[in-house]
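File shown: my_file_22.pdb. Contents: PDB, C-alpha atoms, pLDDT in the B column.
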```
ATOM      1  CA  MET A   1      24.356  65.444  15.998  1.00 40.00           C
ATOM      2  CA  PRO A   2      25.648  66.636  12.611  1.00 45.00           C
ATOM      3  CA  PHE A   3      26.212  64.068   9.866  1.00 46.00           C
ATOM      4  CA  MET A   4      29.651  63.638   8.347  1.00 45.00           C
ATOM      5  CA  ARG A   5      30.122  65.210   4.921  1.00 47.00           C
ATOM      6  CA  LYS A   6      32.455  62.459   3.715  1.00 50.00           C
ATOM      7  CA  ILE A   7      31.277  60.071   1.024  1.00 48.00           C
ATOM      8  CA  TYR A   8      32.022  56.343   1.068  1.00 47.00           C
ATOM      9  CA  TRP A   9      31.400  53.873  -1.733  1.00 43.00           C
ATOM     10  CA  THR A  10      31.703  50.183  -2.432  1.00 42.00           C
ATOM     11  CA  HIS A  11      32.396  48.189  -5.608  1.00 47.00           C
ATOM     12  CA  TYR A  12      28.869  48.624  -7.002  1.00 57.00           C
ATOM     13  CA  VAL A  13      28.889  52.311  -6.159  1.00 69.00           C
ATOM     14  CA  GLY A  14      26.649  52.857  -3.206  1.00 81.00           C
ATOM     15  CA  ILE A  15      27.206  56.409  -1.996  1.00 85.00           C
ATOM     16  CA  ALA A  16      26.247  57.314   1.562  1.00 88.00           C
ATOM     17  CA  CYS A  17      27.494  58.917   4.777  1.00 89.00           C
ATOM     18  CA  ASN A  18      28.974  55.693   6.211  1.00 89.00           C
ATOM     19  CA  LYS A  19      30.181  52.236   5.159  1.00 87.00           C
ATOM     20  CA  THR A  20      27.059  50.392   6.301  1.00 89.00           C
ATOM     21  CA  LEU A  21      24.674  52.569   4.325  1.00 91.00           C
ATOM     22  CA  ALA A  22      27.035  52.620   1.323  1.00 88.00           C
ATOM     23  CA  LYS A  23      26.986  48.801   1.331  1.00 87.00           C
ATOM     24  CA  VAL A  24      23.179  48.740   1.447  1.00 89.00           C
ATOM     25  CA  CYS A  25      23.016  51.344  -1.332  1.00 88.00           C
ATOM     26  CA  SER A  26      25.424  49.316  -3.459  1.00 84.00           C
ATOM     27  CA  ASP A  27      22.937  46.434  -3.523  1.00 83.00           C
ATOM     28  CA  ILE A  28      20.058  48.569  -4.806  1.00 85.00           C
ATOM     29  CA  ASN A  29      20.941  48.957  -8.498  1.00 75.00           C
ATOM     30  CA  LYS A  30      23.087  45.864  -9.098  1.00 69.00           C
ATOM     31  CA  PRO A  31      24.841  44.884 -11.283  1.00 65.00           C
ATOM     32  CA  ASN A  32      25.787  48.007 -13.242  1.00 67.00           C
ATOM     33  CA  GLY A  33      24.069  50.867 -11.483  1.00 70.00           C
ATOM     34  CA  GLN A  34      24.709  53.188  -8.638  1.00 82.00           C
ATOM     35  CA  TYR A  35      22.646  54.626  -5.818  1.00 86.00           C
ATOM     36  CA  TYR A  36      23.219  57.875  -3.976  1.00 89.00           C
ATOM     37  CA  LEU A  37      21.677  58.399  -0.552  1.00 92.00           C
ATOM     38  CA  PRO A  38      21.606  62.150   0.140  1.00 92.00           C
ATOM     39  CA  ILE A  39      23.680  63.011   3.164  1.00 89.00           C
ATOM     40  CA  ASP A  40      21.067  64.719   5.304  1.00 91.00           C
ATOM     41  CA  ARG A  41      19.229  63.502   8.370  1.00 91.00           C
ATOM     42  CA  ALA A  42      15.732  63.420   6.804  1.00 94.00           C
ATOM     43  CA  SER A  43      16.844  61.343   3.790  1.00 93.00           C
ATOM     44  CA  ILE A  44      18.744  58.870   5.952  1.00 93.00           C
ATOM     45  CA  VAL A  45      15.883  58.426   8.438  1.00 93.00           C
ATOM     46  CA  LYS A  46      13.384  57.902   5.590  1.00 94.00           C
ATOM     47  CA  PHE A  47      15.694  55.427   3.791  1.00 94.00           C
ATOM     48  CA  VAL A  48      16.454  53.371   6.907  1.00 94.00           C
ATOM     49  CA  LYS A  49      12.841  53.293   8.126  1.00 95.00           C
ATOM     50  CA  ASP A  50      11.670  51.092   5.232  1.00 93.00           C
ATOM     51  CA  LEU A  51      14.860  49.017   4.998  1.00 94.00           C
ATOM     52  CA  ARG A  52      14.266  45.292   5.602  1.00 95.00           C
ATOM     53  CA  VAL A  53      16.396  44.060   8.506  1.00 95.00           C
ATOM     54  CA  ARG A  54      17.910  41.359   6.268  1.00 95.00           C
ATOM     55  CA  GLN A  55      19.448  44.126   4.131  1.00 93.00           C
ATOM     56  CA  ILE A  56      21.579  45.283   7.066  1.00 92.00           C
ATOM     57  CA  PRO A  57      25.134  43.947   6.654  1.00 90.00           C
ATOM     58  CA  GLY A  58      25.634  41.467   9.490  1.00 89.00           C
ATOM     59  CA  VAL A  59      22.020  40.329   9.789  1.00 92.00           C
ATOM     60  CA  GLY A  60      21.792  36.761   8.524  1.00 91.00           C
ATOM     61  CA  ARG A  61      18.891  34.414   7.873  1.00 91.00           C
ATOM     62  CA  VAL A  62      18.715  33.114  11.439  1.00 91.00           C
ATOM     63  CA  THR A  63      18.626  36.603  12.972  1.00 91.00           C
ATOM     64  CA  GLU A  64      16.075  37.639  10.357  1.00 94.00           C
ATOM     65  CA  ARG A  65      13.812  34.740  11.383  1.00 94.00           C
ATOM     66  CA  VAL A  66      14.122  35.577  15.079  1.00 93.00           C
ATOM     67  CA  LEU A  67      13.324  39.241  14.439  1.00 95.00           C
ATOM     68  CA  ASP A  68      10.461  38.312  12.096  1.00 96.00           C
ATOM     69  CA  ALA A  69       8.922  36.111  14.814  1.00 95.00           C
ATOM     70  CA  LEU A  70       8.938  39.176  17.068  1.00 94.00           C
ATOM     71  CA  GLY A  71       7.310  41.342  14.386  1.00 95.00           C
ATOM     72  CA  VAL A  72      10.506  43.198  13.449  1.00 96.00           C
ATOM     73  CA  ARG A  73      10.668  43.186   9.655  1.00 96.00           C
ATOM     74  CA  THR A  74      12.076  46.636   8.871  1.00 96.00           C
ATOM     75  CA  CYS A  75      14.537  48.924  10.609  1.00 95.00           C
ATOM     76  CA  GLY A  76      11.567  51.136  11.425  1.00 94.00           C
ATOM     77  CA  ASP A  77      10.181  48.292  13.553  1.00 96.00           C
ATOM     78  CA  ILE A  78      13.317  48.128  15.705  1.00 96.00           C
ATOM     79  CA  TYR A  79      12.423  51.192  17.764  1.00 94.00           C
ATOM     80  CA  SER A  80       8.857  49.995  18.376  1.00 94.00           C
ATOM     81  CA  TYR A  81      10.145  46.682  19.749  1.00 96.00           C
ATOM     82  CA  ARG A  82      13.182  48.084  21.572  1.00 95.00           C
ATOM     83  CA  ALA A  83      12.049  46.888  25.024  1.00 95.00           C
ATOM     84  CA  VAL A  84      11.635  43.294  23.827  1.00 95.00           C
ATOM     85  CA  LEU A  85      14.916  43.431  21.888  1.00 95.00           C
ATOM     86  CA  TYR A  86      16.703  44.827  24.938  1.00 95.00           C
ATOM     87  CA  LYS A  87      15.631  41.801  26.980  1.00 94.00           C
ATOM     88  CA  LEU A  88      16.233  39.159  24.285  1.00 92.00           C
ATOM     89  CA  LEU A  89      19.448  40.292  22.616  1.00 91.00           C
ATOM     90  CA  SER A  90      22.958  40.590  23.962  1.00 92.00           C
ATOM     91  CA  PRO A  91      24.049  44.169  24.752  1.00 94.00           C
ATOM     92  CA  ILE A  92      26.249  44.232  21.636  1.00 94.00           C
ATOM     93  CA  SER A  93      23.464  42.936  19.370  1.00 92.00           C
ATOM     94  CA  PHE A  94      20.992  45.389  20.877  1.00 94.00           C
ATOM     95  CA  GLN A  95      23.365  48.307  20.248  1.00 95.00           C
ATOM     96  CA  PHE A  96      23.913  47.068  16.704  1.00 94.00           C
ATOM     97  CA  MET A  97      20.141  47.018  16.097  1.00 94.00           C
ATOM     98  CA  LEU A  98      19.685  50.536  17.477  1.00 95.00           C
ATOM     99  CA  LYS A  99      22.560  51.854  15.377  1.00 93.00           C
ATOM    100  CA  SER A 100      20.995  50.225  12.324  1.00 93.00           C
ATOM    101  CA  TYR A 101      17.669  51.883  13.134  1.00 93.00           C
ATOM    102  CA  LEU A 102      19.420  55.256  13.368  1.00 92.00           C
ATOM    103  CA  GLY A 103      21.513  54.716  10.214  1.00 90.00           C
ATOM    104  CA  ILE A 104      24.745  54.938  12.176  1.00 90.00           C
ATOM    105  CA  GLY A 105      27.751  53.047  10.866  1.00 84.00           C
ATOM    106  CA  SER A 106      31.521  53.146  10.750  1.00 79.00           C
ATOM    107  CA  THR A 107      33.270  55.816   8.702  1.00 76.00           C
ATOM    108  CA  THR A 108      36.792  54.398   8.918  1.00 74.00           C
ATOM    109  CA  PHE A 109      38.576  51.874   6.730  1.00 67.00           C
ATOM    110  CA  ASN A 110      41.283  49.545   7.993  1.00 68.00           C
ATOM    111  CA  THR A 111      43.736  49.500   5.110  1.00 65.00           C
ATOM    112  CA  ASP A 112      46.367  47.557   7.083  1.00 65.00           C
ATOM    113  CA  ALA A 113      44.267  44.399   7.394  1.00 68.00           C
ATOM    114  CA  ASP A 114      45.388  41.351   5.442  1.00 70.00           C
ATOM    115  CA  ARG A 115      43.042  40.317   2.684  1.00 68.00           C
ATOM    116  CA  LYS A 116      41.260  37.083   3.623  1.00 71.00           C
ATOM    117  CA  SER A 117      39.725  36.194   0.293  1.00 76.00           C
ATOM    118  CA  MET A 118      39.437  37.149  -3.342  1.00 80.00           C
ATOM    119  CA  SER A 119      36.633  36.361  -5.746  1.00 79.00           C
ATOM    120  CA  THR A 120      35.333  37.038  -9.202  1.00 79.00           C
ATOM    121  CA  GLU A 121      31.776  37.256 -10.373  1.00 76.00           C
ATOM    122  CA  ARG A 122      29.939  37.699 -13.631  1.00 76.00           C
ATOM    123  CA  THR A 123      26.265  37.823 -14.515  1.00 76.00           C
ATOM    124  CA  PHE A 124      25.267  35.273 -17.144  1.00 78.00           C
ATOM    125  CA  ASN A 125      22.103  33.789 -18.589  1.00 82.00           C
ATOM    126  CA  ALA A 126      20.449  30.805 -16.955  1.00 83.00           C
ATOM    127  CA  MET A 127      21.807  27.449 -18.059  1.00 84.00           C
ATOM    128  CA  SER A 128      21.130  23.874 -17.074  1.00 85.00           C
ATOM    129  CA  ASP A 129      23.503  21.877 -19.271  1.00 87.00           C
ATOM    130  CA  PRO A 130      26.213  20.443 -16.958  1.00 88.00           C
ATOM    131  CA  GLU A 131      28.852  20.809 -19.658  1.00 91.00           C
ATOM    132  CA  GLU A 132      28.031  24.513 -20.075  1.00 90.00           C
ATOM    133  CA  LEU A 133      28.111  24.995 -16.313  1.00 88.00           C
ATOM    134  CA  PHE A 134      31.535  23.349 -15.988  1.00 87.00           C
ATOM    135  CA  LYS A 135      32.772  25.515 -18.856  1.00 91.00           C
ATOM    136  CA  LYS A 136      31.526  28.637 -17.025  1.00 89.00           C
ATOM    137  CA  VAL A 137      33.192  27.525 -13.768  1.00 88.00           C
ATOM    138  CA  LYS A 138      36.454  26.944 -15.651  1.00 90.00           C
ATOM    139  CA  GLU A 139      36.171  30.430 -17.231  1.00 90.00           C
ATOM    140  CA  LEU A 140      35.601  32.039 -13.817  1.00 88.00           C
ATOM    141  CA  SER A 141      38.495  30.042 -12.330  1.00 88.00           C
ATOM    142  CA  VAL A 142      40.862  31.310 -15.014  1.00 90.00           C
ATOM    143  CA  MET A 143      39.682  34.899 -14.415  1.00 89.00           C
ATOM    144  CA  LEU A 144      40.235  34.493 -10.666  1.00 88.00           C
ATOM    145  CA  GLU A 145      43.675  33.010 -11.273  1.00 88.00           C
ATOM    146  CA  GLN A 146      44.612  36.032 -13.408  1.00 89.00           C
ATOM    147  CA  ASP A 147      43.327  38.458 -10.740  1.00 87.00           C
ATOM    148  CA  LEU A 148      45.297  36.636  -8.038  1.00 87.00           C
ATOM    149  CA  GLU A 149      48.439  36.708 -10.165  1.00 87.00           C
ATOM    150  CA  LYS A 150      48.075  40.456 -10.800  1.00 88.00           C
ATOM    151  CA  ALA A 151      47.669  41.064  -7.061  1.00 85.00           C
ATOM    152  CA  GLY A 152      50.660  38.857  -6.219  1.00 85.00           C
ATOM    153  CA  TYR A 153      48.582  36.311  -4.286  1.00 82.00           C
ATOM    154  CA  MET A 154      48.532  32.544  -4.370  1.00 75.00           C
ATOM    155  CA  GLY A 155      45.566  30.275  -3.763  1.00 70.00           C
ATOM    156  CA  ARG A 156      45.461  28.133  -0.638  1.00 68.00           C
ATOM    157  CA  ASN A 157      42.284  26.116  -1.140  1.00 62.00           C
TER     158      ASN A 157
END
```

Now, as a test, write the supplied structure out as structure tokens.
Amino acid sequence: MPFMRKIYWTHYVGIACNKTLAKVCSDINKPNGQYYLPIDRASIVKFVKDLRVRQIPGVGRVTERVLDALGVRTCGDIYSYRAVLYKLLSPISFQFMLKSYLGIGSTTFNTDADRKSMSTERTFNAMSDPEELFKKVKELSVMLEQDLEKAGYMGRN
């Protein structure tokens, strides 16, 4: 099966052949870097093999613990334990795990979907003074308010 030659990226610039891998790549060199996963089968298989299952978008702490108890810690482990996973997981979850093992993900974006949330984030030095922390929260709130205003949105909560 030939790989798509399109490139997808996320906010932190993860470049890969699909959205899932681009998201994983975007987390590699945070906060100001970028990561490019070459778009060829060998590179993708090698990259995914050593990927911890928790790094897969959609795999939370609970699923990670369940998989860890079975001995599945990396995507490379998924294939070895496929018979056990087939019996324990729902058909949809099992397919999701196999797709993750193979590095297969969606290549389409739904641009018509309504935005559900908006956030702002900044990296800052560690602080423990409550007054400083409240000041930082206020600063972030003002930044978020400005971003919402620019986008024409209003806060609900």

- Query: CA of Tyr153 in chain A to CA of Val137 in chain A: how many Å, to one decimal?
  - Reply: 20.1 Å

- Task: Just say which residues the PyMOL selection byres ((chain A and resi 107) around 6) picks in this file, as a ChimeraX atom specification.
- Result: /A:18-19,106,108

- Query: Of the candidates A:Arg73, A:Lys136, A:Lys116, A:Lys87, which shows the shortest atom-to-atom distance to Tyr101 in chain A, using all atoms listed in the file?
  - Reply: A:Arg73

- Task: Apply the PyMOL selection byres ((chain A and resi 21) around 12) to the structure shown and report the selected residues as a PyMOL selection string.
- Result: chain A and resi 7-10+13-20+22-28+35-39+43-45+47-48+51+55-57+99-107

- Distance of CA of Lys46 in chain A from CA of Ala69 in chain A, expressed in Å to one decimal place: 24.1 Å

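CA of Val66 in chain A lies 13.6 Å from CA of Arg52 in chain A.
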
Starting from the shown file, work through the PyMOL selection byres ((chain A and resi 118) around 12) and note down what comes out as an mmCIF file with C-alpha atoms, keeping the file's coordinate frame.
```cif
data_model
loop_
_atom_site.group_PDB
_atom_site.id
_atom_site.type_symbol
_atom_site.label_atom_id
_atom_site.label_comp_id
_atom_site.auth_asym_id
_atom_site.auth_seq_id
_atom_site.Cartn_x
_atom_site.Cartn_y
_atom_site.Cartn_z
ATOM 1 C CA ASP A 114 45.388 41.351 5.442
ATOM 2 C CA ARG A 115 43.042 40.317 2.684
ATOM 3 C CA LYS A 116 41.260 37.083 3.623
ATOM 4 C CA SER A 117 39.725 36.194 0.293
ATOM 5 C CA SER A 119 36.633 36.361 -5.746
ATOM 6 C CA THR A 120 35.333 37.038 -9.202
ATOM 7 C CA GLU A 121 31.776 37.256 -10.373
ATOM 8 C CA SER A 141 38.495 30.042 -12.330
ATOM 9 C CA MET A 143 39.682 34.899 -14.415
ATOM 10 C CA LEU A 144 40.235 34.493 -10.666
ATOM 11 C CA GLU A 145 43.675 33.010 -11.273
ATOM 12 C CA GLN A 146 44.612 36.032 -13.408
ATOM 13 C CA ASP A 147 43.327 38.458 -10.740
ATOM 14 C CA LEU A 148 45.297 36.636 -8.038
ATOM 15 C CA GLU A 149 48.439 36.708 -10.165
ATOM 16 C CA LYS A 150 48.075 40.456 -10.800
ATOM 17 C CA ALA A 151 47.669 41.064 -7.061
ATOM 18 C CA GLY A 152 50.660 38.857 -6.219
ATOM 19 C CA TYR A 153 48.582 36.311 -4.286
ATOM 20 C CA MET A 154 48.532 32.544 -4.370
ATOM 21 C CA GLY A 155 45.566 30.275 -3.763
ATOM 22 C CA ARG A 156 45.461 28.133 -0.638
ATOM 23 C CA ASN A 157 42.284 26.116 -1.140
#
```

Around all of range 130-143 of chain A's listed atoms, make the axis-aligned box with 5 Å on each side and tell me centre and edge lengths in Å to one decimal, as JSON.
```
{"center_x": 33.5, "center_y": 27.7, "center_z": -16.2, "size_x": 24.6, "size_y": 24.5, "size_z": 17.7}
```
